[in-house]
>>> print(open('upload-v6.txt').read())   # compact mmCIF, C-alpha atoms
# COMPACT_ATOMS: atom_id res chain seq x y z
CA MET V 1 52.79 -7.37 -0.37
CA SER V 2 54.24 -5.37 2.47
CA GLU V 3 56.91 -6.79 4.74
CA GLU V 4 54.43 -6.82 7.63
CA ARG V 5 51.86 -8.89 5.72
CA SER V 6 54.60 -11.21 4.46
CA GLN V 7 55.91 -11.85 7.97
CA ARG V 8 52.42 -12.42 9.27
CA SER V 9 51.76 -14.97 6.54
CA HIS V 10 54.94 -16.86 7.33
CA HIS V 11 54.26 -17.15 11.04
CA LEU V 12 50.68 -18.21 10.38
CA ASP V 13 52.00 -21.00 8.19
CA ALA V 14 54.30 -22.00 11.03
CA ILE V 15 51.39 -22.12 13.50
CA ARG V 16 49.27 -24.22 11.15
CA VAL V 17 52.11 -26.65 10.40
CA SER V 18 53.13 -26.94 14.05
CA ALA V 19 49.57 -27.65 15.15
CA ILE V 20 49.04 -30.29 12.45
CA LEU V 21 52.38 -32.00 12.96
CA LEU V 22 51.80 -32.12 16.72
CA LEU V 23 48.45 -33.82 16.13
CA ILE V 24 50.12 -37.05 14.94
CA PRO V 25 52.31 -37.70 18.01
CA TYR V 26 49.42 -36.54 20.21
CA HIS V 27 47.01 -39.11 18.77
CA ALA V 28 49.74 -41.75 18.85
CA ALA V 29 50.21 -41.04 22.56
CA ARG V 30 46.45 -41.38 23.10
CA TYR V 31 46.69 -44.97 21.85
CA VAL V 32 49.63 -45.59 24.17
CA GLN V 33 47.43 -44.43 27.06
CA LYS V 34 44.94 -47.19 26.34
CA GLY V 35 47.56 -49.91 26.71
CA ASP V 36 48.71 -51.72 29.83
CA GLY V 37 50.29 -49.99 32.79
CA ASP V 38 49.95 -46.43 34.05
CA PRO V 39 52.18 -44.21 31.87
CA ARG V 40 52.04 -41.11 34.08
CA ILE V 41 54.32 -39.04 31.87
CA VAL V 42 52.21 -39.89 28.82
CA ASP V 43 49.06 -38.86 30.66
CA ALA V 44 50.69 -35.56 31.62
CA VAL V 45 51.87 -34.75 28.09
CA VAL V 46 48.53 -35.68 26.51
CA TRP V 47 46.64 -33.62 29.08
CA PHE V 48 48.90 -30.59 28.61
CA VAL V 49 48.69 -30.66 24.81
CA HIS V 50 44.94 -31.21 24.95
CA ALA V 51 44.55 -28.12 27.14
CA TRP V 52 45.68 -25.70 24.41
CA HIS V 53 46.04 -27.58 21.12
CA MET V 54 42.47 -27.43 19.78
CA PRO V 55 41.95 -23.89 21.11
CA LEU V 56 44.98 -22.87 19.05
CA PHE V 57 43.43 -24.54 15.99
CA PHE V 58 40.23 -22.54 16.37
CA ALA V 59 42.06 -19.30 17.14
CA ILE V 60 44.19 -19.52 13.99
CA SER V 61 41.10 -20.50 12.00
CA GLY V 62 39.30 -17.39 13.21
CA PHE V 63 42.32 -15.24 12.32
CA LEU V 64 42.49 -16.64 8.79
CA ALA V 65 38.70 -16.47 8.28
CA ALA V 66 38.62 -12.78 9.19
CA SER V 67 41.60 -12.08 6.93
CA ALA V 68 39.90 -13.84 4.02
CA LEU V 69 36.65 -11.92 4.57
CA ARG V 70 38.46 -8.58 4.42
CA ARG V 71 39.80 -9.52 0.97
CA SER V 72 36.48 -10.89 -0.31
CA THR V 73 32.73 -10.72 0.24
CA ALA V 74 30.44 -12.56 2.64
CA ALA V 75 28.70 -14.43 -0.18
CA LEU V 76 31.99 -15.64 -1.63
CA GLN V 77 33.23 -16.70 1.79
CA VAL V 78 30.06 -18.68 2.51
CA ARG V 79 30.56 -20.59 -0.72
CA ALA V 80 34.25 -21.02 0.10
CA ARG V 81 33.39 -22.44 3.54
CA PHE V 82 31.12 -25.07 2.02
CA ARG V 83 33.70 -25.92 -0.65
CA ARG V 84 36.71 -26.07 1.67
CA LEU V 85 35.02 -27.52 4.75
CA GLY V 86 31.59 -28.89 3.86
CA LEU V 87 32.70 -30.95 0.86
CA PRO V 88 35.74 -32.53 2.59
CA LEU V 89 33.53 -33.30 5.61
CA ALA V 90 30.95 -35.09 3.45
CA VAL V 91 33.58 -37.03 1.50
CA GLY V 92 35.55 -37.83 4.65
CA MET V 93 32.48 -39.21 6.41
CA LEU V 94 32.01 -41.65 3.53
CA THR V 95 35.66 -42.62 3.09
CA VAL V 96 38.16 -41.66 5.80
CA VAL V 97 35.90 -42.30 8.80
CA PRO V 98 34.73 -45.82 7.73
CA LEU V 99 38.33 -46.72 6.94
CA ALA V 100 39.49 -45.44 10.31
CA ASN V 101 36.64 -47.33 12.03
CA LEU V 102 37.65 -50.53 10.28
CA PHE V 103 41.28 -50.14 11.30
CA VAL V 104 40.36 -49.27 14.89
CA ILE V 105 38.12 -52.35 15.15
CA GLY V 106 40.96 -54.49 13.84
CA ALA V 107 43.44 -52.84 16.18
CA ALA V 108 41.20 -53.40 19.21
CA THR V 109 41.81 -57.15 19.09
CA LEU V 110 45.58 -56.66 18.91
CA TRP V 111 46.22 -53.70 21.18
CA PRO V 112 46.71 -54.50 24.88
CA ARG V 113 44.05 -52.56 26.76
CA LYS V 114 42.46 -52.11 30.17
CA GLY V 115 39.11 -53.86 30.61
CA ALA V 116 36.87 -55.78 28.23
CA LEU V 117 36.43 -55.01 24.56
CA PRO V 118 33.50 -52.54 24.23
CA PRO V 119 30.62 -53.33 21.80
CA LYS V 120 31.60 -50.47 19.51
CA ARG V 121 34.86 -52.29 18.74
CA GLU V 122 33.07 -55.36 17.35
CA LEU V 123 33.23 -55.95 13.58
CA ASP V 124 29.79 -54.81 12.51
CA LEU V 125 28.61 -52.69 9.58
CA ALA V 126 26.91 -50.30 11.99
CA ASN V 127 30.25 -49.74 13.72
CA VAL V 128 32.16 -49.30 10.46
CA PHE V 129 29.67 -46.98 8.75
CA SER V 130 28.67 -44.95 11.78
CA PHE V 131 27.87 -41.25 11.85
CA THR V 132 30.49 -40.64 14.52
CA PRO V 133 32.83 -38.11 12.86
CA ARG V 134 35.96 -39.10 14.80
CA HIS V 135 38.66 -36.46 14.18
CA LEU V 136 36.49 -34.78 11.54
CA TRP V 137 34.42 -33.24 14.34
CA PHE V 138 36.76 -30.26 14.08
CA ILE V 139 35.64 -29.59 10.49
CA SER V 140 31.97 -29.86 11.49
CA TYR V 141 32.40 -27.39 14.35
CA LEU V 142 34.56 -25.06 12.28
CA LEU V 143 32.06 -24.97 9.40
CA MET V 144 29.18 -24.01 11.67
CA ILE V 145 31.23 -21.50 13.66
CA SER V 146 32.54 -19.90 10.45
CA LEU V 147 29.07 -19.48 8.97
CA LEU V 148 27.76 -18.03 12.24
CA ALA V 149 30.72 -15.63 12.40
CA ILE V 150 30.04 -14.37 8.87
CA GLY V 151 26.42 -13.71 9.83
CA VAL V 152 27.43 -11.83 12.97
CA TRP V 153 30.02 -9.87 10.97
CA LEU V 154 27.32 -8.79 8.48
CA ALA V 155 25.14 -7.60 11.35
CA ILE V 156 27.99 -5.64 12.92
CA GLN V 157 28.69 -3.93 9.60
CA ARG V 158 25.34 -2.21 10.01
CA ALA V 159 26.43 -0.89 13.41
CA PRO V 160 29.92 0.54 12.82
CA ARG V 161 30.08 2.08 16.29
CA LEU V 162 29.59 -1.34 17.85
CA GLY V 163 32.32 -2.80 15.65
CA ALA V 164 34.71 0.02 16.57
CA ALA V 165 33.92 -0.42 20.27
CA LEU V 166 34.58 -4.16 20.09
CA LYS V 167 37.90 -3.60 18.35
CA ARG V 168 38.90 -0.90 20.81
CA GLY V 169 37.88 -2.95 23.84
CA PHE V 170 39.71 -6.04 22.59
CA GLY V 171 42.84 -3.98 21.98
CA GLN V 172 42.74 -2.56 25.50
CA LEU V 173 42.27 -6.03 26.94
CA MET V 174 45.17 -7.53 24.98
CA ARG V 175 47.54 -4.75 26.10
CA SER V 176 46.67 -5.17 29.77
CA TRP V 177 48.14 -7.48 32.39
CA TRP V 178 44.72 -8.94 33.12
CA ALA V 179 44.12 -10.26 29.58
CA ILE V 180 44.98 -13.87 30.41
CA PRO V 181 43.00 -14.00 33.70
CA VAL V 182 39.92 -12.52 31.98
CA LEU V 183 40.14 -14.90 29.02
CA ALA V 184 40.73 -17.84 31.36
CA GLY V 185 37.76 -16.78 33.46
CA VAL V 186 35.46 -16.68 30.43
CA SER V 187 36.60 -20.07 29.14
CA ALA V 188 36.20 -21.57 32.64
CA ALA V 189 32.69 -20.10 32.94
CA ILE V 190 31.74 -21.81 29.66
CA LEU V 191 33.15 -25.19 30.65
CA ILE V 192 31.51 -25.18 34.09
CA THR V 193 28.29 -26.20 32.32
CA LYS V 194 29.78 -29.62 31.46
CA THR V 195 31.36 -32.38 33.51
CA GLY V 196 35.10 -32.87 33.73
CA TRP V 197 38.03 -30.46 33.87
CA VAL V 198 38.94 -29.93 30.22
CA ALA V 199 37.11 -29.46 26.91
CA GLY V 200 36.96 -33.15 26.11
CA GLY V 201 34.36 -35.83 25.98
CA SER V 202 31.56 -35.66 23.46
CA ALA V 203 33.01 -33.46 20.69
CA SER V 204 33.65 -36.36 18.32
CA ASN V 205 30.48 -38.30 19.12
CA SER V 206 28.16 -36.54 16.68
CA LEU V 207 28.06 -34.18 13.71
CA ILE V 208 25.72 -32.03 15.81
CA PRO V 209 27.92 -29.90 18.10
CA ALA V 210 27.59 -30.16 21.86
CA PRO V 211 26.39 -26.70 23.00
CA THR V 212 29.05 -26.18 25.68
CA LEU V 213 31.92 -27.23 23.41
CA PHE V 214 30.49 -25.20 20.54
CA ALA V 215 30.46 -22.10 22.75
CA TYR V 216 33.93 -22.88 24.10
CA TYR V 217 35.64 -23.28 20.74
CA SER V 218 33.66 -20.36 19.30
CA PHE V 219 35.26 -18.20 21.99
CA PHE V 220 38.74 -19.04 20.70
CA PHE V 221 37.61 -18.54 17.11
CA VAL V 222 36.33 -15.05 18.02
CA PHE V 223 39.64 -14.33 19.74
CA GLY V 224 41.53 -15.11 16.53
CA TRP V 225 38.98 -13.17 14.48
CA LEU V 226 39.43 -10.03 16.62
CA LEU V 227 43.21 -10.42 16.57
CA SER V 228 43.24 -10.50 12.77
CA GLY V 229 44.08 -7.19 11.14
CA GLN V 230 45.64 -5.75 14.30
CA SER V 231 49.34 -6.13 13.65
CA ASP V 232 50.19 -4.07 16.75
CA LEU V 233 48.57 -6.75 18.91
CA VAL V 234 50.60 -9.46 17.19
CA GLU V 235 53.68 -7.38 17.98
CA HIS V 236 52.49 -7.26 21.59
CA LEU V 237 52.35 -11.07 21.67
CA LYS V 238 56.02 -11.20 20.67
CA ARG V 239 57.10 -9.37 23.80
CA GLY V 240 57.47 -11.76 26.70
CA ALA V 241 56.46 -14.75 24.56
CA TRP V 242 59.07 -17.09 26.01
CA LEU V 243 58.15 -16.07 29.55
CA ARG V 244 54.46 -16.76 28.94
CA LEU V 245 55.23 -20.12 27.39
CA ALA V 246 57.56 -21.16 30.23
CA THR V 247 55.05 -19.99 32.85
CA GLY V 248 52.29 -21.99 31.16
CA VAL V 249 54.42 -25.14 31.24
CA LEU V 250 55.36 -24.60 34.90
CA ILE V 251 51.77 -24.03 36.04
CA ALA V 252 50.70 -27.10 34.06
CA VAL V 253 52.70 -29.39 36.38
CA PRO V 254 50.75 -28.74 39.61
CA ALA V 255 47.52 -28.31 37.60
CA PHE V 256 47.92 -31.82 36.22
CA LEU V 257 48.76 -33.33 39.60
CA LEU V 258 45.74 -31.65 41.18
CA PHE V 259 43.05 -31.62 38.52
CA TYR V 260 43.74 -34.38 35.99
CA ASP V 261 40.48 -36.24 35.44
CA ASN V 262 41.06 -39.60 33.73
CA GLY V 263 37.46 -39.69 32.54
CA ASP V 264 37.58 -36.41 30.61
CA PHE V 265 38.75 -37.69 27.23
CA THR V 266 41.12 -40.60 27.72
CA GLY V 267 38.76 -43.52 28.24
CA ASN V 268 39.22 -43.72 32.02
CA VAL V 269 42.93 -44.38 32.08
CA GLY V 270 45.69 -43.09 34.31
CA THR V 271 45.67 -41.94 37.93
CA PRO V 272 43.35 -38.98 38.62
CA GLY V 273 44.56 -35.80 40.27
CA VAL V 274 44.31 -35.50 44.03
CA LEU V 275 41.47 -32.92 43.79
CA ALA V 276 39.75 -34.27 40.69
CA GLU V 277 36.88 -35.85 42.60
CA ILE V 278 35.96 -32.70 44.56
CA ASP V 279 33.28 -31.16 42.38
CA GLU V 280 33.14 -27.98 44.46
CA LEU V 281 36.62 -27.11 43.23
CA ARG V 282 35.81 -27.53 39.52
CA LEU V 283 35.58 -23.81 38.82
CA TYR V 284 39.02 -23.22 40.34
CA GLY V 285 40.41 -26.16 38.40
CA LEU V 286 38.89 -24.95 35.13
CA PHE V 287 40.29 -21.48 35.73
CA THR V 288 43.75 -22.92 36.38
CA VAL V 289 43.60 -25.03 33.23
CA GLY V 290 42.40 -21.90 31.39
CA ILE V 291 45.46 -20.01 32.61
CA VAL V 292 47.66 -22.83 31.28
CA CYS V 293 45.80 -22.78 27.96
CA TRP V 294 45.98 -19.04 27.34
CA LEU V 295 49.58 -18.63 28.54
CA THR V 296 50.69 -21.43 26.22
CA LEU V 297 48.60 -20.15 23.31
CA PHE V 298 49.96 -16.60 23.71
CA GLY V 299 53.48 -17.94 24.12
CA ILE V 300 53.48 -20.19 21.04
CA TRP V 301 51.86 -17.53 18.86
CA GLY V 302 54.32 -14.90 20.04
CA VAL V 303 57.41 -17.10 19.65
CA LEU V 304 56.53 -18.11 16.09
CA ALA V 305 55.56 -14.55 15.14
CA ARG V 306 58.89 -13.37 16.49
CA TYR V 307 61.19 -15.86 14.82
CA VAL V 308 59.46 -17.02 11.62
CA ARG V 309 60.10 -14.03 9.38
CA LYS V 310 61.39 -15.49 6.14
CA GLU V 311 59.68 -17.56 3.52
CA SER V 312 60.45 -21.27 3.58
CA ARG V 313 59.53 -23.56 0.70
CA VAL V 314 59.27 -26.51 3.08
CA LEU V 315 57.03 -24.58 5.46
CA ARG V 316 54.81 -23.38 2.61
CA TYR V 317 54.53 -26.90 1.21
CA LEU V 318 53.61 -28.38 4.59
CA ALA V 319 51.10 -25.56 5.15
CA ASP V 320 49.44 -26.41 1.83
CA ALA V 321 49.45 -30.09 2.81
CA SER V 322 48.24 -29.53 6.38
CA PHE V 323 44.52 -30.00 5.71
CA TRP V 324 45.15 -33.23 3.80
CA ILE V 325 47.43 -34.50 6.58
CA TYR V 326 44.67 -33.78 9.07
CA LEU V 327 42.10 -35.67 7.01
CA VAL V 328 44.05 -38.88 6.40
CA HIS V 329 46.41 -39.31 9.35
CA ILE V 330 44.12 -41.40 11.59
CA PRO V 331 43.78 -44.47 9.27
CA PHE V 332 47.54 -44.50 8.66
CA LEU V 333 48.32 -44.08 12.35
CA VAL V 334 45.91 -46.78 13.55
CA ALA V 335 47.13 -49.25 10.93
CA LEU V 336 50.77 -48.70 11.85
CA GLN V 337 50.26 -48.75 15.61
CA SER V 338 48.14 -51.89 15.56
CA SER V 339 50.72 -53.65 13.36
CA LEU V 340 53.59 -52.58 15.60
CA SER V 341 51.71 -53.61 18.77
CA THR V 342 52.30 -57.28 17.88
CA THR V 343 56.09 -56.83 17.83
CA GLY V 344 58.44 -57.00 20.77
CA LEU V 345 59.61 -53.43 20.30
CA ALA V 346 59.59 -51.06 23.24
CA ILE V 347 56.64 -48.65 23.44
CA PRO V 348 58.74 -45.50 22.73
CA VAL V 349 60.20 -47.18 19.63
CA ARG V 350 56.76 -48.25 18.38
CA TRP V 351 55.43 -44.76 19.05
CA GLY V 352 58.30 -43.15 17.11
CA LEU V 353 57.95 -45.50 14.17
CA ALA V 354 54.18 -44.96 14.03
CA VAL V 355 54.54 -41.17 14.13
CA SER V 356 57.26 -40.98 11.50
CA GLY V 357 55.54 -43.56 9.29
CA THR V 358 52.20 -41.76 9.48
CA LEU V 359 53.78 -38.44 8.59
CA ALA V 360 55.63 -40.00 5.65
CA LEU V 361 52.48 -41.69 4.33
CA ALA V 362 50.33 -38.57 4.77
CA VAL V 363 52.81 -36.23 3.07
CA GLY V 364 53.61 -38.83 0.40
CA SER V 365 49.95 -39.34 -0.47
CA TYR V 366 49.50 -35.57 -0.70
CA ALA V 367 52.47 -35.32 -3.05
CA LEU V 368 51.05 -38.14 -5.18
CA ILE V 369 47.64 -36.51 -5.48
CA ARG V 370 49.16 -33.09 -6.13
CA GLY V 371 51.41 -34.51 -8.84
CA THR V 372 48.51 -36.38 -10.44
CA ARG V 373 46.42 -33.21 -10.54
CA ARG V 374 49.24 -31.35 -12.24
CA LEU V 375 49.61 -34.08 -14.85
CA VAL V 376 45.88 -34.04 -15.56
CA ARG V 377 45.83 -30.26 -15.76
CA GLY V 378 48.81 -30.26 -18.12
CA TYR V 379 47.21 -32.92 -20.31
CA ARG V 380 44.03 -30.91 -20.59
CA LEU V 381 45.92 -27.76 -21.50
CA ARG V 382 47.94 -29.54 -24.19
CA HIS V 383 44.86 -31.13 -25.73
CA ALA V 384 42.46 -28.22 -25.33
CA PRO V 385 40.67 -27.32 -28.60
CA GLY V 386 41.99 -24.31 -30.49
>>> encode(input="upload-v6.txt", output="structure tokens")
Amino acid sequence: MSEERSQRSHHLDAIRVSAILLLIPYHAARYVQKGDGDPRIVDAVVWFVHAWHMPLFFAISGFLAASALRRSTAALQVRARFRRLGLPLAVGMLTVVPLANLFVIGAATLWPRKGALPPKRELDLANVFSFTPRHLWFISYLLMISLLAIGVWLAIQRAPRLGAALKRGFGQLMRSWWAIPVLAGVSAAILITKTGWVAGGSASNSLIPAPTLFAYYSFFFVFGWLLSGQSDLVEHLKRGAWLRLATGVLIAVPAFLLFYDNGDFTGNVGTPGVLAEIDELRLYGLFTVGIVCWLTLFGIWGVLARYVRKESRVLRYLADASFWIYLVHIPFLVALQSSLSTTGLAIPVRWGLAVSGTLALAVGSYALIRGTRRLVRGYRLRHAPG
């Protein structure tokens, strides 16, 4: 493996681990939002992370999917997608989601909240064993987007000039100063077909993707796909990475104050932005949020690509565990937060304990399963005939 490929692998691990580990405090903060009071700073942090977090997930997924396809065949990758995404989705819908539903229903009676208890929080078999995928919506979307991307890739292979033109055009865009405005404009144009100011709302309501959100996240997946294999563009992301990241954070402050819509994805909590109810300004708001998203995404990718250059056993282990952590973190988190909500501890303390406890339980359960698999494999090898 060349040094370039090795460095790329290390920074990709760092992106995956960072995104997964951020998911736990993000979801913990979402539960804090639903409590009493008006935690403005919590609303701002949740909104900012939401603006770029899932887009980063899909972008890195597209990058890795394209890399895997270059080393394999389309048929093998289709089977791999069903094995690595389809099977966990099916199993998770029958195990993780009902368990999470049960814990959420139990937590609803303990957690201080605004308004009356909704019917979906009543203890009922239909609520426990529902077809709402919860956080597993990401796997459902990713599976369908991946399969569609493989099909498009096969079609483009029959038109090499088109493929070369796409690669050349993407490279020119990424090297230009107008890359972020163009990308933000496209993402805003997609989201204008839905209500609200961010890509929230109905993603987790059904296994069938919402068309607007499917198109939106597919756009980020395609971005990562086109970025894959172009190491010069990754090098370009390194230059000015801190400036892009800082600019994204700075623009996020007035964007939140102006365009935060408390009905987007938070269950109607918090104080809306001063312009959030002016529908005629939605396109401008979506474009501004898009600028925040792409600046932050470029900045995080560039910073990690610049500084994560050496192999780390801890990073590699967490990268291997990241998918498992994603699958199981919600039941652990809900159970811990609902238990801690009955104590007299301050909200920041409860939040910290829930986050650290969830991470420990998720990583610990992964280590237990991994160790058990090794023991079983070793037993079979020792007792294999012949």
>>> residues_around(input="upload-v6.txt", residues="Gln230 (chain V)", least_positions_apart="5", cutoff="10 Å", atoms="only C-alpha atoms", output="short mmCIF file (atom, residue, chain, number, x, y, z; two decimals) with C-alpha atoms, in the coordinates of the input")
data_model
loop_
_atom_site.label_atom_id
_atom_site.label_comp_id
_atom_site.auth_asym_id
_atom_site.auth_seq_id
_atom_site.Cartn_x
_atom_site.Cartn_y
_atom_site.Cartn_z
CA LYS V 167 37.90 -3.60 18.35
CA GLY V 171 42.84 -3.98 21.98
CA TRP V 225 38.98 -13.17 14.48
CA GLU V 235 53.68 -7.38 17.98
#
>>> atom_distance(input="upload-v6.txt", atom1="CA of Ser67 (chain V)", atom2="CA of Arg83 (chain V)")
17.6 Å
>>> residues_around(input="upload-v6.txt", residues="Ala100 (chain V)", least_positions_apart="6", cutoff="8 Å", atoms="all atoms listed in the file", output="PDB file with C-alpha atoms, keeping the file's coordinate frame")
ATOM      1  CA  ILE V 330      44.120 -41.400  11.590  1.00  0.00           C
ATOM      2  CA  PRO V 331      43.780 -44.470   9.270  1.00  0.00           C
ATOM      3  CA  VAL V 334      45.910 -46.780  13.550  1.00  0.00           C
TER       4      VAL V 334
END
>>> residues_around(input="upload-v6.txt", residues="region 356-359 of chain V", least_positions_apart="4", cutoff="8 Å", atoms="only C-alpha atoms", output="ChimeraX atom specification")
/V:21,24,325,329,332-333,336,352,363
>>> residues_around(input="upload-v6.txt", residues="Ala28 (chain V)", least_positions_apart="2", cutoff="8 Å", atoms="only C-alpha atoms", output="MDAnalysis selection string")
chainID V and resid 24:26 30:32 333 337 351 354:355
>>> closest_residue(input="upload-v6.txt", among="V:Arg175, V:Lys194, V:Arg40, V:Arg316", to="Val17 (chain V)", atoms="only C-alpha atoms")
V:Arg316
>>> build_atoms(input="upload-v6.txt", residues="region 332-340 of chain V", atoms="all heavy atoms", output="compact mmCIF listing (two decimals), in the frame of the given file")
# COMPACT_ATOMS: atom_id res chain seq x y z
N PHE V 332 46.13 -44.11 8.72
CA PHE V 332 47.54 -44.50 8.66
C PHE V 332 48.08 -44.81 10.04
O PHE V 332 48.78 -45.81 10.26
CB PHE V 332 48.37 -43.39 8.01
CG PHE V 332 48.12 -43.21 6.54
CD1 PHE V 332 48.04 -41.93 5.99
CD2 PHE V 332 47.97 -44.29 5.69
CE1 PHE V 332 47.82 -41.75 4.63
CE2 PHE V 332 47.73 -44.12 4.34
CZ PHE V 332 47.66 -42.85 3.81
N LEU V 333 47.77 -43.93 11.00
CA LEU V 333 48.32 -44.08 12.35
C LEU V 333 47.80 -45.34 13.02
O LEU V 333 48.57 -46.10 13.63
CB LEU V 333 47.94 -42.84 13.18
CG LEU V 333 48.45 -42.82 14.63
CD1 LEU V 333 49.97 -42.86 14.67
CD2 LEU V 333 47.94 -41.57 15.34
N VAL V 334 46.50 -45.60 12.91
CA VAL V 334 45.91 -46.78 13.55
C VAL V 334 46.48 -48.05 12.93
O VAL V 334 46.81 -49.02 13.64
CB VAL V 334 44.39 -46.75 13.43
CG1 VAL V 334 43.78 -48.06 13.95
CG2 VAL V 334 43.82 -45.57 14.20
N ALA V 335 46.60 -48.06 11.60
CA ALA V 335 47.13 -49.25 10.93
C ALA V 335 48.57 -49.54 11.37
O ALA V 335 48.92 -50.69 11.66
CB ALA V 335 47.07 -49.06 9.42
N LEU V 336 49.38 -48.50 11.45
CA LEU V 336 50.77 -48.70 11.85
C LEU V 336 50.89 -49.11 13.31
O LEU V 336 51.64 -50.03 13.66
CB LEU V 336 51.57 -47.41 11.60
CG LEU V 336 51.89 -47.10 10.14
CD1 LEU V 336 52.50 -45.71 10.01
CD2 LEU V 336 52.85 -48.14 9.57
N GLN V 337 50.14 -48.43 14.19
CA GLN V 337 50.26 -48.75 15.61
C GLN V 337 49.74 -50.15 15.93
O GLN V 337 50.31 -50.85 16.77
CB GLN V 337 49.52 -47.71 16.45
CG GLN V 337 50.26 -46.38 16.52
CD GLN V 337 49.84 -45.55 17.71
OE1 GLN V 337 48.70 -45.15 17.81
NE2 GLN V 337 50.76 -45.28 18.60
N SER V 338 48.66 -50.55 15.29
CA SER V 338 48.14 -51.89 15.56
C SER V 338 49.10 -52.96 15.03
O SER V 338 49.28 -54.00 15.66
CB SER V 338 46.76 -52.06 14.92
OG SER V 338 46.82 -51.86 13.52
N SER V 339 49.74 -52.69 13.89
CA SER V 339 50.72 -53.65 13.36
C SER V 339 51.94 -53.74 14.27
O SER V 339 52.45 -54.83 14.55
CB SER V 339 51.14 -53.24 11.95
OG SER V 339 50.03 -53.22 11.07
N LEU V 340 52.40 -52.60 14.75
CA LEU V 340 53.59 -52.58 15.60
C LEU V 340 53.31 -53.13 16.99
O LEU V 340 54.24 -53.57 17.68
CB LEU V 340 54.13 -51.15 15.71
CG LEU V 340 54.74 -50.56 14.44
CD1 LEU V 340 54.97 -49.06 14.58
CD2 LEU V 340 56.07 -51.26 14.13
